[in-house]
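Here's the structure we're looking at; comments come further down.
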Amino acid sequence: MSKSSRAPAARSRAGGPLTGTARAPGDKSISHRSMIFGAMASGTTTVTGLLEGDDIMATAGAMRAFGADITRGDDGLWTVKGVGNAGLSEPAGEIDCGNAGTGVRLIMGAASAYPITATYIGDASLSVRPMGRVVNPLREMGVTAKGAPGDRLPMTITGTPDLKPLRYAPPQASAQVKSAILLAGLGAKGVTEVREAHKTRDHTENMLRAFGCPVDTLDDGDGQIVRLTGPAPLTGTHVIVPGDPSSAAFLIVAALIVPGSDIIIENVMMNPTRTGLFETLTEMGGYIQADNFKTSGGEVIADIRVRHSKLHGITVPPRRAPSMIDEYPVLCMAAAVASGETVMEGIEELRVKESDRIAATVAILQSAGVAVRETKTGMIVTGSPAPRGGGFVTTHHDHRIAMSALILGLACKQPMEIDDAAMIATSFPEFFSMMQQLGADIKVTSV
Ligand code: S3P
């Protein structure tokens, strides 16, 4: 969308039950990695099931600017011809990562071991997100980085072939930080190691192995250590992208909260580092049944049946946060119709996502007349069976805030509206058509 055109608003309201079958869109985390790892590798990587969302297109564009040849076939098969031994080349212009924190942070790590300079930029949301968490360990490894105040974008980074390996324990649970360091470590001579107090999503480890780089993972009771030895060249492979549990989450919560609903979502990745929401909703009384388990592309996938359920509030264990970190906003929409209190603490990382997701989620709930208390590190929601609704929500360039507000509208007395639906295309371009096909009364209202 051009800057001068009006943002597409959208609204949702209560209607009939959701029924039928939908297929979860490709996983965003694995899609980003397929483009980045494929671009670094020697030979050809082919990708099926890629999420063709704006975030991934920005990452593909970035990796083209670093020298990879990335194309899409008419059959939806993506081909990445990597730079291999030639190494990434210096991009001619700025690298625009759009809205994607995963894209920019992983690419910064991936480019660190090359003697090239790149300037990274992003949209209004990405430009205020902290990059120091990635850039500081990369500086320890030897890169030079200069960003806007507070280590924000725009950020210019010069890499070095003399990159030093690093042993690092990130202060926050972050797969992006872990991944950036490991990707830099591929080009550093020696052992690079990340110690995680709480295990985060493990796609980088799994996929690096598939691209031919041995990665050791050791659980030592105090968390885990992930370790690789550089230099470690990558070799192109075939990637099958499973369905995204974080996108399926919106369909799941919608079916749980709309009376009479009964849906099946196919092809959902069941990697335990990503399924904390399913566990939480089940503990709240939700009917969520996984069936037809298969292994595809190294990940377990399943079909999930969800039926409308009477939910009750619970205390979500903080240790579960890394396995559902993107799902708290939509969990709160389920909590809004659950009986009693849902207590979520230890989720301060939400404050530095595409928006401050604690503040933005609290604002959705308040606009719909739902009782909520914001704390420093979380929130407490007190639900009721049919919230008033009628809210107008500012989405702050955040796709998950936009979708969450629209899901809540399906269970409220009055419609919910959002100011800007454009960001939904970053992670879930088929959101509106899929929701409508399942029977939801949800639509874009202006463009
Ligand atoms: C992601 C990691 C998470 C998550 C993001 C995707 C990834 O971010 O919120 O949507 O693909 O590595 P953090 O690492 O900042 O927690």
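All residue names refer to the structure tokens as shown: chains lettered A, B, ... in order, residues numbered from 1 in each chain, ligands numbered from 1 in order.
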*Please give me, as a list of chain:residue names, the residues lying within 8 Å of ligand 1 when counting only C-alpha atoms and all ligand atoms.*
A:Lys28, A:Ser29, A:Ile30, A:His32, A:Arg33, A:Gly101, A:Thr102, A:Ala173, A:Ser174, A:Ala175, A:Gln176, A:Val177, A:Lys178, A:Ser179, A:Thr200, A:Arg201, A:His203, A:Thr204, A:Pro322, A:Ile325, A:Asp326, A:Glu349, A:Val352, A:Lys353
_Can you pull out the residues contacting segment 344-348 of chain A? Cut-off 9 Å, using only C-alpha atoms, and skip same-chain residues under 6 positions away; I want them as number ranges by chain._
A: 314-319, 321-322, 325, 328, 358, 375-381
*Identify which of the residues A:Val372, A:Met324, A:Val330, A:Met269 lies closest to Ile401 of chain A, counting only C-alpha atoms when measuring atom-to-atom distances.*
A:Val330
*Quick one: everything within 8 Å of segment 295-308 of chain A, counting only C-alpha atoms, minus sequence neighbours fewer than 4 positions away in the same chain. Send it as a PyMOL selection string.*
chain A and resi 206+239-243+252+255-271+286-291
Polymer residues at most 6 Å from segment 384-399 of chain A, only C-alpha atoms, same-chain spacing of 5 or more positions, as a PDB file with all heavy atoms, in the first residue's frame:
ATOM      1  N   VAL A 337     -13.982 -14.139  27.220  1.00  0.00           N
ATOM      2  CA  VAL A 337     -15.288 -14.804  27.330  1.00  0.00           C
ATOM      3  C   VAL A 337     -15.257 -15.953  28.338  1.00  0.00           C
ATOM      4  O   VAL A 337     -16.259 -16.644  28.535  1.00  0.00           O
ATOM      5  CB  VAL A 337     -15.780 -15.334  25.952  1.00  0.00           C
ATOM      6  CG1 VAL A 337     -15.825 -14.219  24.928  1.00  0.00           C
ATOM      7  CG2 VAL A 337     -14.931 -16.490  25.455  1.00  0.00           C
ATOM      8  N   SER A 339     -14.995 -17.737  32.078  1.00  0.00           N
ATOM      9  CA  SER A 339     -15.458 -17.338  33.403  1.00  0.00           C
ATOM     10  C   SER A 339     -14.241 -17.167  34.312  1.00  0.00           C
ATOM     11  O   SER A 339     -13.277 -17.939  34.224  1.00  0.00           O
ATOM     12  CB  SER A 339     -16.415 -18.392  33.972  1.00  0.00           C
ATOM     13  OG  SER A 339     -15.749 -19.624  34.051  1.00  0.00           O
ATOM     14  N   GLU A 354       5.882  -6.276  17.621  1.00  0.00           N
ATOM     15  CA  GLU A 354       5.516  -5.314  16.583  1.00  0.00           C
ATOM     16  C   GLU A 354       4.881  -4.059  17.179  1.00  0.00           C
ATOM     17  O   GLU A 354       4.916  -2.977  16.598  1.00  0.00           O
ATOM     18  CB  GLU A 354       4.585  -5.965  15.557  1.00  0.00           C
ATOM     19  CG  GLU A 354       5.294  -6.891  14.577  1.00  0.00           C
ATOM     20  CD  GLU A 354       5.539  -8.302  15.098  1.00  0.00           C
ATOM     21  OE1 GLU A 354       5.656  -8.478  16.345  1.00  0.00           O
ATOM     22  OE2 GLU A 354       5.629  -9.230  14.277  1.00  0.00           O
ATOM     23  N   SER A 355       4.227  -4.224  18.351  1.00  0.00           N
ATOM     24  CA  SER A 355       3.797  -3.087  19.168  1.00  0.00           C
ATOM     25  C   SER A 355       4.023  -3.508  20.617  1.00  0.00           C
ATOM     26  O   SER A 355       4.444  -4.636  20.870  1.00  0.00           O
ATOM     27  CB  SER A 355       2.306  -2.797  18.934  1.00  0.00           C
ATOM     28  OG  SER A 355       1.513  -3.869  19.428  1.00  0.00           O
ATOM     29  N   ILE A 364      -7.570  -3.211  23.446  1.00  0.00           N
ATOM     30  CA  ILE A 364      -8.655  -3.932  22.740  1.00  0.00           C
ATOM     31  C   ILE A 364      -9.750  -4.300  23.747  1.00  0.00           C
ATOM     32  O   ILE A 364     -10.938  -4.062  23.536  1.00  0.00           O
ATOM     33  CB  ILE A 364      -8.162  -5.261  22.102  1.00  0.00           C
ATOM     34  CG1 ILE A 364      -7.099  -5.032  21.045  1.00  0.00           C
ATOM     35  CG2 ILE A 364      -9.345  -6.054  21.530  1.00  0.00           C
ATOM     36  CD1 ILE A 364      -6.510  -6.355  20.462  1.00  0.00           C
ATOM     37  N   SER A 367     -11.759  -1.454  25.150  1.00  0.00           N
ATOM     38  CA  SER A 367     -12.685  -0.882  24.161  1.00  0.00           C
ATOM     39  C   SER A 367     -13.932  -1.750  24.011  1.00  0.00           C
ATOM     40  O   SER A 367     -14.965  -1.291  23.542  1.00  0.00           O
ATOM     41  CB  SER A 367     -11.988  -0.718  22.809  1.00  0.00           C
ATOM     42  OG  SER A 367     -11.929  -1.964  22.127  1.00  0.00           O
ATOM     43  N   ALA A 368     -13.808  -3.026  24.381  1.00  0.00           N
ATOM     44  CA  ALA A 368     -14.945  -3.947  24.270  1.00  0.00           C
ATOM     45  C   ALA A 368     -15.660  -4.137  25.606  1.00  0.00           C
ATOM     46  O   ALA A 368     -16.540  -4.992  25.726  1.00  0.00           O
ATOM     47  CB  ALA A 368     -14.462  -5.308  23.764  1.00  0.00           C
ATOM     48  N   GLY A 369     -15.252  -3.374  26.607  1.00  0.00           N
ATOM     49  CA  GLY A 369     -15.915  -3.450  27.914  1.00  0.00           C
ATOM     50  C   GLY A 369     -15.500  -4.645  28.748  1.00  0.00           C
ATOM     51  O   GLY A 369     -16.217  -5.065  29.657  1.00  0.00           O
ATOM     52  N   CYS A 412     -18.948 -10.826  20.510  1.00  0.00           N
ATOM     53  CA  CYS A 412     -19.442  -9.666  21.275  1.00  0.00           C
ATOM     54  C   CYS A 412     -20.862  -9.278  20.845  1.00  0.00           C
ATOM     55  O   CYS A 412     -21.306  -9.632  19.759  1.00  0.00           O
ATOM     56  CB  CYS A 412     -18.523  -8.466  21.055  1.00  0.00           C
ATOM     57  SG  CYS A 412     -16.916  -8.622  21.826  1.00  0.00           S
ATOM     58  N   LYS A 413     -21.521  -8.489  21.701  1.00  0.00           N
ATOM     59  CA  LYS A 413     -22.887  -8.024  21.373  1.00  0.00           C
ATOM     60  C   LYS A 413     -22.850  -7.025  20.224  1.00  0.00           C
ATOM     61  O   LYS A 413     -23.749  -6.989  19.396  1.00  0.00           O
ATOM     62  CB  LYS A 413     -23.511  -7.377  22.606  1.00  0.00           C
ATOM     63  CG  LYS A 413     -23.753  -8.365  23.741  1.00  0.00           C
ATOM     64  CD  LYS A 413     -24.582  -7.715  24.846  1.00  0.00           C
ATOM     65  CE  LYS A 413     -24.725  -8.637  26.034  1.00  0.00           C
ATOM     66  NZ  LYS A 413     -23.870  -8.240  27.172  1.00  0.00           N
ATOM     67  N   GLN A 414     -21.828  -6.181  20.193  1.00  0.00           N
ATOM     68  CA  GLN A 414     -21.702  -5.185  19.116  1.00  0.00           C
ATOM     69  C   GLN A 414     -20.417  -5.441  18.332  1.00  0.00           C
ATOM     70  O   GLN A 414     -19.467  -6.006  18.874  1.00  0.00           O
ATOM     71  CB  GLN A 414     -21.643  -3.776  19.726  1.00  0.00           C
ATOM     72  CG  GLN A 414     -22.921  -3.340  20.436  1.00  0.00           C
ATOM     73  CD  GLN A 414     -22.661  -2.128  21.316  1.00  0.00           C
ATOM     74  OE1 GLN A 414     -21.861  -1.265  20.958  1.00  0.00           O
ATOM     75  NE2 GLN A 414     -23.311  -2.085  22.459  1.00  0.00           N
ATOM     76  N   PRO A 415     -20.347  -4.995  17.072  1.00  0.00           N
ATOM     77  CA  PRO A 415     -19.158  -5.262  16.245  1.00  0.00           C
ATOM     78  C   PRO A 415     -17.888  -4.664  16.831  1.00  0.00           C
ATOM     79  O   PRO A 415     -17.939  -3.717  17.614  1.00  0.00           O
ATOM     80  CB  PRO A 415     -19.491  -4.570  14.920  1.00  0.00           C
ATOM     81  CG  PRO A 415     -20.951  -4.334  14.930  1.00  0.00           C
ATOM     82  CD  PRO A 415     -21.383  -4.245  16.346  1.00  0.00           C
ATOM     83  N   MET A 416     -16.758  -5.217  16.420  1.00  0.00           N
ATOM     84  CA  MET A 416     -15.455  -4.620  16.717  1.00  0.00           C
ATOM     85  C   MET A 416     -14.873  -4.109  15.399  1.00  0.00           C
ATOM     86  O   MET A 416     -14.990  -4.762  14.366  1.00  0.00           O
ATOM     87  CB  MET A 416     -14.504  -5.658  17.320  1.00  0.00           C
ATOM     88  CG  MET A 416     -14.847  -6.095  18.728  1.00  0.00           C
ATOM     89  SD  MET A 416     -14.603  -4.810  19.982  1.00  0.00           S
ATOM     90  CE  MET A 416     -12.812  -4.744  20.116  1.00  0.00           C
ATOM     91  N   GLU A 417     -14.226  -2.952  15.477  1.00  0.00           N
ATOM     92  CA  GLU A 417     -13.610  -2.366  14.278  1.00  0.00           C
ATOM     93  C   GLU A 417     -12.132  -2.121  14.528  1.00  0.00           C
ATOM     94  O   GLU A 417     -11.732  -1.836  15.659  1.00  0.00           O
ATOM     95  CB  GLU A 417     -14.255  -1.011  13.988  1.00  0.00           C
ATOM     96  CG  GLU A 417     -15.551  -1.083  13.235  1.00  0.00           C
ATOM     97  CD  GLU A 417     -16.015   0.319  12.924  1.00  0.00           C
ATOM     98  OE1 GLU A 417     -15.597   0.858  11.880  1.00  0.00           O
ATOM     99  OE2 GLU A 417     -16.766   0.872  13.757  1.00  0.00           O
ATOM    100  N   ILE A 418     -11.342  -2.203  13.452  1.00  0.00           N
ATOM    101  CA  ILE A 418      -9.920  -1.842  13.565  1.00  0.00           C
ATOM    102  C   ILE A 418      -9.591  -0.761  12.546  1.00  0.00           C
ATOM    103  O   ILE A 418     -10.242  -0.654  11.503  1.00  0.00           O
ATOM    104  CB  ILE A 418      -8.992  -3.068  13.358  1.00  0.00           C
ATOM    105  CG1 ILE A 418      -9.152  -3.682  11.955  1.00  0.00           C
ATOM    106  CG2 ILE A 418      -9.233  -4.120  14.422  1.00  0.00           C
ATOM    107  CD1 ILE A 418      -8.091  -4.709  11.612  1.00  0.00           C
ATOM    108  N   ASP A 419      -8.556   0.023  12.858  1.00  0.00           N
ATOM    109  CA  ASP A 419      -8.217   1.156  11.985  1.00  0.00           C
ATOM    110  C   ASP A 419      -7.472   0.723  10.735  1.00  0.00           C
ATOM    111  O   ASP A 419      -7.515   1.410   9.716  1.00  0.00           O
ATOM    112  CB  ASP A 419      -7.363   2.183  12.755  1.00  0.00           C
ATOM    113  CG  ASP A 419      -6.011   1.619  13.187  1.00  0.00           C
ATOM    114  OD1 ASP A 419      -5.870   0.376  13.293  1.00  0.00           O
ATOM    115  OD2 ASP A 419      -5.078   2.408  13.429  1.00  0.00           O
ATOM    116  N   MET A 423      -1.554  -4.795   7.864  1.00  0.00           N
ATOM    117  CA  MET A 423      -0.446  -5.599   8.401  1.00  0.00           C
ATOM    118  C   MET A 423      -0.777  -7.091   8.484  1.00  0.00           C
ATOM    119  O   MET A 423       0.113  -7.919   8.629  1.00  0.00           O
ATOM    120  CB  MET A 423      -0.051  -5.088   9.792  1.00  0.00           C
ATOM    121  CG  MET A 423       0.674  -3.794   9.748  1.00  0.00           C
ATOM    122  SD  MET A 423       2.166  -3.927   8.743  1.00  0.00           S
ATOM    123  CE  MET A 423       2.051  -2.415   7.817  1.00  0.00           C
ATOM    124  N   ILE A 424      -2.068  -7.424   8.398  1.00  0.00           N
ATOM    125  CA  ILE A 424      -2.445  -8.844   8.468  1.00  0.00           C
ATOM    126  C   ILE A 424      -1.750  -9.622   7.347  1.00  0.00           C
ATOM    127  O   ILE A 424      -1.383 -10.797   7.521  1.00  0.00           O
ATOM    128  CB  ILE A 424      -3.988  -8.986   8.414  1.00  0.00           C
ATOM    129  CG1 ILE A 424      -4.590  -8.385   9.697  1.00  0.00           C
ATOM    130  CG2 ILE A 424      -4.410 -10.440   8.241  1.00  0.00           C
ATOM    131  CD1 ILE A 424      -6.095  -8.320   9.729  1.00  0.00           C
TER     132      ILE A 424
END
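Taking atom CA of Ser12 of chain A and atom CA of Ala421 of chain A as endpoints, the distance between them is 11.8 Å.
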_From a backbone DSSP assignment, name each residue in segment 181-291 of chain A labelled strand (DSSP E), as a PyMOL selection string._
chain A and resi 190-196+216-219+224-230+238-240+262-269+287-291
*Suppose you want the space between atom CA of Thr237 of chain A and atom CA of Ala22 of chain A; what is it in Å?*
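A separation of 28.4 Å between them.
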*asked:* Which residues are close to Met40 of chain A, i.e. within 10 Å by only C-alpha atoms, leaving aside same-chain residues fewer than 3 positions away? Reply as a PyMOL selection string.
replied: chain A and resi 35-37+43+63+66-68+80-88+110-111+183+233-236
*Could you pull out all residues of segment 59-128 of chain A with a DSSP call of helix (DSSP H, G or I) and give them as a list in words?*
Thr59, Ala60, Gly61, Ala62, Met63, Arg64, Ala65, Gly84, Asn85, Ala86, Gly101, Thr102, Gly103, Val104, Arg105, Leu106, Ile107, Met108, Gly109, Ala110, Leu126, Ser127 and Val128 of chain A
